[in-house]
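S.K.: Here you go, this is run.cif (mmCIF, C-alpha atoms).
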```
data_input
#
loop_
_atom_site.label_atom_id
_atom_site.label_comp_id
_atom_site.auth_asym_id
_atom_site.auth_seq_id
_atom_site.Cartn_x
_atom_site.Cartn_y
_atom_site.Cartn_z
CA MET A 8 136.50 101.84 138.11
CA ASN A 9 135.08 103.13 134.84
CA LYS A 10 136.55 105.98 132.83
CA VAL A 11 134.47 108.62 134.64
CA GLY A 12 135.44 107.43 138.14
CA GLY A 13 132.46 105.23 139.07
CA TYR A 14 132.38 101.55 139.91
CA ASP A 15 131.93 98.96 137.17
CA ILE A 16 129.53 96.12 137.92
CA GLU A 17 132.55 93.83 138.39
CA ASP A 18 133.77 96.01 141.31
CA LEU A 19 130.55 95.73 143.32
CA LYS A 20 129.87 93.29 146.15
CA PRO A 21 126.94 93.02 148.58
CA GLY A 22 127.59 95.06 151.70
CA MET A 23 129.50 97.90 150.03
CA THR A 24 128.10 101.17 151.35
CA ALA A 25 128.35 104.94 150.89
CA SER A 26 126.74 108.00 152.47
CA PHE A 27 126.08 111.65 151.73
CA ALA A 28 124.89 114.18 154.30
CA LYS A 29 123.34 117.60 153.85
CA THR A 30 121.68 120.12 156.13
CA VAL A 31 118.23 121.01 154.79
CA THR A 32 117.76 124.77 154.72
CA GLU A 33 114.78 127.04 154.17
CA ALA A 34 116.33 127.92 150.80
CA ASP A 35 116.37 124.25 149.78
CA ILE A 36 112.65 123.98 150.46
CA LEU A 37 111.88 127.16 148.51
CA MET A 38 114.00 126.10 145.54
CA TYR A 39 112.52 122.61 145.58
CA ALA A 40 108.99 124.06 145.65
CA GLY A 41 109.94 126.13 142.60
CA VAL A 42 111.42 123.24 140.64
CA SER A 43 108.76 120.65 141.52
CA CYS A 44 105.80 123.05 141.72
CA ASP A 45 104.74 121.15 144.88
CA ILE A 46 103.37 124.07 146.88
CA ASN A 47 101.83 122.07 149.73
CA ALA A 48 101.25 124.62 152.51
CA VAL A 49 102.90 122.32 155.04
CA HIS A 50 106.21 123.15 153.32
CA LEU A 51 105.69 126.87 152.73
CA ASN A 52 103.21 128.33 155.21
CA GLU A 53 104.44 128.34 158.80
CA GLU A 54 101.10 129.52 160.21
CA TYR A 55 99.24 126.67 158.52
CA ALA A 56 101.98 124.12 159.26
CA LYS A 57 101.76 124.95 162.98
CA THR A 58 98.14 123.74 162.96
CA THR A 59 99.08 120.32 161.54
CA MET A 60 100.39 117.18 163.26
CA PHE A 61 103.91 118.36 162.31
CA GLY A 62 103.74 121.59 164.33
CA GLY A 63 105.66 123.60 161.73
CA ARG A 64 107.05 123.54 158.21
CA ILE A 65 108.66 120.33 156.96
CA ALA A 66 110.72 119.52 153.88
CA HIS A 67 109.13 117.81 150.89
CA GLY A 68 109.62 114.04 151.15
CA MET A 69 110.75 114.00 147.53
CA LEU A 70 113.43 116.60 148.35
CA THR A 71 114.92 114.16 150.88
CA ALA A 72 114.62 111.38 148.29
CA GLY A 73 116.93 113.39 146.05
CA PHE A 74 119.82 112.76 148.42
CA ILE A 75 119.53 109.05 147.61
CA SER A 76 119.84 109.97 143.93
CA ALA A 77 122.90 112.03 144.86
CA VAL A 78 124.76 109.29 146.73
CA LEU A 79 124.04 106.81 143.93
CA ALA A 80 125.17 109.22 141.21
CA ASN A 81 128.15 110.70 143.02
CA LYS A 82 129.55 107.81 145.05
CA LEU A 83 128.13 104.28 144.78
CA PRO A 84 128.05 103.08 142.04
CA GLY A 85 129.00 106.70 141.17
CA PRO A 86 129.59 108.33 137.78
CA GLY A 87 128.17 106.34 134.87
CA THR A 88 125.20 105.04 136.91
CA ILE A 89 121.76 104.96 135.26
CA TYR A 90 118.78 105.13 137.62
CA LEU A 91 116.18 102.45 136.89
CA GLY A 92 113.90 102.54 139.92
CA GLN A 93 113.32 103.54 143.50
CA THR A 94 110.87 102.73 146.26
CA LEU A 95 110.28 105.27 149.02
CA LYS A 96 108.60 105.01 152.40
CA PHE A 97 108.36 108.34 154.18
CA LYS A 98 108.74 107.51 157.89
CA ALA A 99 109.15 110.83 159.69
CA PRO A 100 109.32 114.55 158.85
CA VAL A 101 112.51 116.46 158.04
CA ARG A 102 112.58 119.99 159.45
CA ILE A 103 114.53 123.10 158.49
CA GLY A 104 118.02 122.77 159.96
CA ASP A 105 117.97 118.96 160.10
CA THR A 106 121.04 117.25 158.68
CA VAL A 107 119.97 114.31 156.55
CA THR A 108 122.37 111.43 155.93
CA ALA A 109 121.50 109.29 152.89
CA THR A 110 123.13 105.86 152.91
CA VAL A 111 123.01 103.19 150.22
CA THR A 112 124.21 99.61 150.70
CA VAL A 113 124.59 97.06 147.92
CA ARG A 114 122.18 94.18 148.46
CA GLU A 115 122.26 92.31 145.15
CA VAL A 116 124.48 92.36 142.07
CA VAL A 117 123.02 90.92 138.84
CA ALA A 118 126.17 90.89 136.74
CA GLU A 119 124.68 89.66 133.47
CA LYS A 120 122.18 92.54 133.45
CA LYS A 121 124.67 95.10 134.89
CA ARG A 122 121.96 95.70 137.48
CA VAL A 123 122.44 96.47 141.19
CA VAL A 124 119.85 96.62 143.95
CA LEU A 125 120.73 98.73 146.99
CA ASP A 126 119.03 99.36 150.30
CA ALA A 127 118.58 103.09 150.80
CA VAL A 128 117.92 104.95 154.02
CA CYS A 129 117.86 108.63 154.95
CA SER A 130 118.27 109.43 158.62
CA VAL A 131 118.30 112.45 160.93
CA GLY A 132 120.14 112.08 164.22
CA GLY A 133 120.30 108.32 163.71
CA LYS A 134 116.54 107.97 163.15
CA ALA A 135 115.26 106.79 159.76
CA VAL A 136 113.09 109.37 158.00
CA LEU A 137 112.98 107.62 154.63
CA GLU A 138 113.58 104.01 153.63
CA GLY A 139 113.57 102.38 150.23
CA GLU A 140 115.23 100.29 147.60
CA SER A 141 117.23 101.60 144.65
CA THR A 142 117.73 99.79 141.34
CA VAL A 143 120.46 101.03 139.01
CA MET A 144 122.37 99.98 135.91
CA CYS A 145 126.16 100.16 136.05
CA THR A 146 128.96 100.23 133.57
CA SER A 147 130.99 97.06 132.91
CA VAL A 148 134.63 96.45 132.06
CA LYS A 149 133.19 94.69 128.99
CA ASP A 150 131.45 97.86 127.69
CA MET B 12 86.45 118.99 150.66
CA ASN B 13 88.54 119.75 153.75
CA LYS B 14 89.09 123.23 155.18
CA VAL B 15 92.21 123.84 153.06
CA GLY B 16 90.54 122.85 149.78
CA GLY B 17 91.65 119.24 149.37
CA TYR B 18 89.54 116.10 149.17
CA ASP B 19 88.57 114.23 152.31
CA ILE B 20 88.86 110.45 152.19
CA GLU B 21 85.05 110.29 151.96
CA ASP B 22 85.16 112.23 148.65
CA LEU B 23 87.51 109.83 146.89
CA LYS B 24 86.52 107.00 144.55
CA PRO B 25 88.60 104.69 142.34
CA GLY B 26 89.08 106.18 138.89
CA MET B 27 89.27 109.83 139.97
CA THR B 28 92.21 111.42 138.20
CA ALA B 29 94.21 114.65 138.00
CA SER B 30 97.19 115.91 136.03
CA PHE B 31 99.86 118.58 136.17
CA ALA B 32 102.15 119.50 133.29
CA LYS B 33 105.41 121.41 133.24
CA THR B 34 108.11 122.10 130.66
CA VAL B 35 111.51 121.06 132.02
CA THR B 36 114.06 123.79 131.47
CA GLU B 37 117.82 123.97 131.80
CA ALA B 38 117.25 126.15 134.89
CA ASP B 39 115.15 123.39 136.52
CA ILE B 40 118.01 120.93 136.09
CA LEU B 41 120.58 123.35 137.50
CA MET B 42 118.39 124.23 140.51
CA TYR B 43 117.57 120.58 141.13
CA ALA B 44 121.29 119.70 141.00
CA GLY B 45 121.88 122.41 143.60
CA VAL B 46 119.11 121.28 145.93
CA SER B 47 119.73 117.53 145.64
CA CYS B 48 123.52 117.71 145.19
CA ASP B 49 123.13 115.06 142.47
CA ILE B 50 125.84 116.26 140.09
CA ASN B 51 125.79 113.30 137.71
CA ALA B 52 127.58 114.54 134.58
CA VAL B 53 124.77 113.23 132.37
CA HIS B 54 122.63 116.08 133.76
CA LEU B 55 125.22 118.87 133.74
CA ASN B 56 127.96 118.19 131.19
CA GLU B 57 126.78 118.30 127.58
CA GLU B 58 130.11 117.10 126.17
CA TYR B 59 130.06 114.03 128.43
CA ALA B 60 126.32 113.43 127.99
CA LYS B 61 126.79 113.33 124.20
CA THR B 62 129.06 110.30 124.62
CA THR B 63 126.38 108.33 126.53
CA MET B 64 123.43 106.31 125.28
CA PHE B 65 121.29 109.42 125.82
CA GLY B 66 123.17 111.58 123.30
CA GLY B 67 122.87 114.73 125.43
CA ARG B 68 121.91 116.07 128.82
CA ILE B 69 118.81 114.62 130.49
CA ALA B 70 116.82 115.68 133.56
CA HIS B 71 117.30 113.90 136.89
CA GLY B 72 114.72 111.12 137.23
CA MET B 73 113.96 112.35 140.72
CA LEU B 74 113.21 115.83 139.34
CA THR B 75 110.46 114.31 137.18
CA ALA B 76 109.24 112.35 140.22
CA GLY B 77 108.64 115.66 141.98
CA PHE B 78 105.80 116.42 139.57
CA ILE B 79 103.93 113.42 141.01
CA SER B 80 104.41 114.94 144.46
CA ALA B 81 103.05 118.21 143.05
CA VAL B 82 99.85 116.77 141.57
CA LEU B 83 99.16 114.84 144.79
CA ALA B 84 99.77 117.89 146.99
CA ASN B 85 98.11 120.48 144.80
CA LYS B 86 95.17 118.62 143.20
CA LEU B 87 94.34 115.03 144.15
CA PRO B 88 93.86 114.50 147.02
CA GLY B 89 95.21 118.07 147.24
CA PRO B 90 95.84 120.29 150.27
CA GLY B 91 96.02 118.35 153.54
CA THR B 92 97.59 115.26 151.91
CA ILE B 93 100.42 113.50 153.73
CA TYR B 94 102.83 111.53 151.54
CA LEU B 95 103.46 108.00 152.84
CA GLY B 96 105.20 106.25 149.99
CA GLN B 97 106.05 106.13 146.32
CA THR B 98 107.44 103.61 143.87
CA LEU B 99 109.24 104.83 140.76
CA LYS B 100 110.28 103.10 137.56
CA PHE B 101 112.29 105.33 135.27
CA LYS B 102 111.30 104.25 131.75
CA ALA B 103 112.78 106.86 129.40
CA PRO B 104 114.84 110.06 129.58
CA VAL B 105 113.39 113.56 129.89
CA ARG B 106 115.27 116.20 127.90
CA ILE B 107 115.53 119.97 128.22
CA GLY B 108 112.41 121.47 126.67
CA ASP B 109 110.26 118.37 127.14
CA THR B 110 106.83 119.00 128.66
CA VAL B 111 106.14 116.39 131.33
CA THR B 112 102.54 115.57 132.29
CA ALA B 113 102.18 113.87 135.68
CA THR B 114 98.88 112.06 136.15
CA VAL B 115 97.59 110.28 139.24
CA THR B 116 94.52 108.05 139.31
CA VAL B 117 92.89 106.70 142.46
CA ARG B 118 93.20 102.91 142.53
CA GLU B 119 92.22 102.00 146.09
CA VAL B 120 90.60 103.84 149.01
CA VAL B 121 91.14 102.39 152.48
CA ALA B 122 88.67 104.53 154.41
CA GLU B 123 89.37 103.22 157.91
CA LYS B 124 93.06 104.10 157.59
CA LYS B 125 92.41 107.34 155.61
CA ARG B 126 94.80 105.83 153.09
CA VAL B 127 94.66 106.10 149.30
CA VAL B 128 96.73 104.27 146.68
CA LEU B 129 97.06 105.96 143.29
CA ASP B 130 98.63 104.93 140.01
CA ALA B 131 101.12 107.58 138.94
CA VAL B 132 102.54 108.15 135.49
CA CYS B 133 104.67 110.89 133.95
CA SER B 134 104.59 111.15 130.18
CA VAL B 135 106.18 113.21 127.41
CA GLY B 136 104.29 113.44 124.12
CA GLY B 137 102.03 110.59 125.26
CA LYS B 138 104.94 108.24 126.07
CA ALA B 139 105.46 107.13 129.67
CA VAL B 140 108.83 108.23 131.07
CA LEU B 141 108.10 107.32 134.71
CA GLU B 142 105.57 104.95 136.27
CA GLY B 143 104.83 104.22 139.88
CA GLU B 144 102.40 103.94 142.73
CA SER B 145 101.69 106.64 145.29
CA THR B 146 100.42 106.03 148.83
CA VAL B 147 99.04 108.98 150.78
CA MET B 148 97.03 109.74 153.89
CA CYS B 149 94.03 112.05 153.54
CA THR B 150 91.91 114.15 155.83
CA SER B 151 88.48 112.89 156.89
CA VAL B 152 85.19 114.62 157.62
CA LYS B 153 85.54 112.89 161.02
CA ASP B 154 88.86 114.65 161.84
#
```
Please, can you express the file's structure as structure tokens?
M.R.:
Amino acid sequence: MNKVGGYDIEDLKPGMTASFAKTVTEADILMYAGVSCDINAVHLNEEYAKTTMFGGRIAHGMLTAGFISAVLANKLPGPGTIYLGQTLKFKAPVRIGDTVTATVTVREVVAEKKRVVLDAVCSVGGKAVLEGESTVMCTSVKD
Amino acid sequence: MNKVGGYDIEDLKPGMTASFAKTVTEADILMYAGVSCDINAVHLNEEYAKTTMFGGRIAHGMLTAGFISAVLANKLPGPGTIYLGQTLKFKAPVRIGDTVTATVTVREVVAEKKRVVLDAVCSVGGKAVLEGESTVMCTSVKD
């Protein structure tokens, strides 16, 4: 572990995994719309959203993506992590009241570059709503 | 244009571009930490952040990524857009007070799938801080 409680690159092995779960509330969607300025009516306007394929308001995909950022920053590799990249495939909508579980699993450790690639998935009730790949830089015992 | 004011797939051509700019404030970072639950100390703890390579607090990369979501949803293709995927490469930090400009440019239009691929870049003072590729589904005049 590094001095701020995260994993050093030397601690990480393929297959290590961590999760974070959060219930998405109406307030989350409103606050995220305010921060991002993404005011897509499908997130904010129930009457409009009812007329779409989703049948009602859904959370911003990028709001759900933030839970991947959270599990990387808070748990694995945890404090000291620097985010280098992320791919995101939005697979299914997240609705108000859904509990999203974001899980990251170490796929590849590139020790000489202090770089780690992780598979990332967000799921609701066991069904994937978001899949992607995270690339981060870790601390090292040699720092 | 579709009935909610966005572009239909038939309106889109490679090279079309749109931008959205926002100044990132301390309040944005606090609200984003609350929504995402990403409480990385480099975003919230100035004393810790000063000891890092960044020399002070920086915005969450995924907060900046939200401005891409905003320009897609609000401008190009605009209302009616469904977000399918995004790649993100975090190139440089965004600091409190920085004005981020998110720009998307149509690269490829796949009419039969109503799918559009756009190059996405976020910049501060003309320097890219985030680069990626957006994939979205549009409305069609045939809907």
S.K.: So what do you get for atom CA of Cys145 of chain A versus atom CA of Phe97 of chain A, distance-wise?
M.R.: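 These two atoms are separated by 26.7 Å.
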S.K.: Got a sec to resolve the PyMOL selection byres ((chain A and resi 53-65) around 7) on this structure and send the residues as a list in words?
M.R.: Ala48, Val49, His50, Leu51, Asn52, Ala66, His67, Pro100, Val101, Arg102 and Ile103 of chain A
S.K.: Can you work out the spacing between atom CA of Leu137 of chain A and atom CA of Ala109 of chain A in Å, to one decimal?
M.R.: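 One can read the atom CA of Leu137 of chain A to atom CA of Ala109 of chain A distance as 8.9 Å.
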S.K.: The PyMOL selection byres ((chain B) within 7 of (chain A)) - which residues does that actually catch in the file I just gave you? List them as a ChimeraX atom specification.
M.R.: /B:39,42-43,46-51,73-74,77-78,80-81,84-85,90,94-101
S.K.: Identify which of the residues A:Thr146, A:Val124, A:Val113, A:Val107 lies closest to Gly12 of chain A, counting only C-alpha atoms when measuring atom-to-atom distances.
M.R.: A:Thr146
S.K.: Can you measure atom CA of Leu125 of chain A to atom CA of Thr112 of chain A for me? One decimal in Å is fine.
M.R.: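 Computed distance, atom CA of Leu125 of chain A to atom CA of Thr112 of chain A, equals 5.2 Å.
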S.K.: As lines of an AutoDock Vina configuration file, what would the box around segment 56-59 of chain A look like: edges along x, y and z, 4 Å added on every side, centre and edge lengths in Å to one decimal?
M.R.:
```
center_x = 100.1
center_y = 122.6
center_z = 161.1
size_x = 11.8
size_y = 12.6
size_z = 11.7
```
S.K.: Can you translate the PyMOL selection byres ((chain A and resi 130-133) around 7) into the concrete residues it hits in this file, as a PyMOL selection string?
M.R.: chain A and resi 105-109+128-129+134-137
S.K.: Counting only C-alpha atoms, I want the residues whose atoms come within 10 Å of (92.6, 106.5, 153.2) in the file frame, returned as a PyMOL selection string.
M.R.: chain B and resi 19-21+23+119-128+146-151
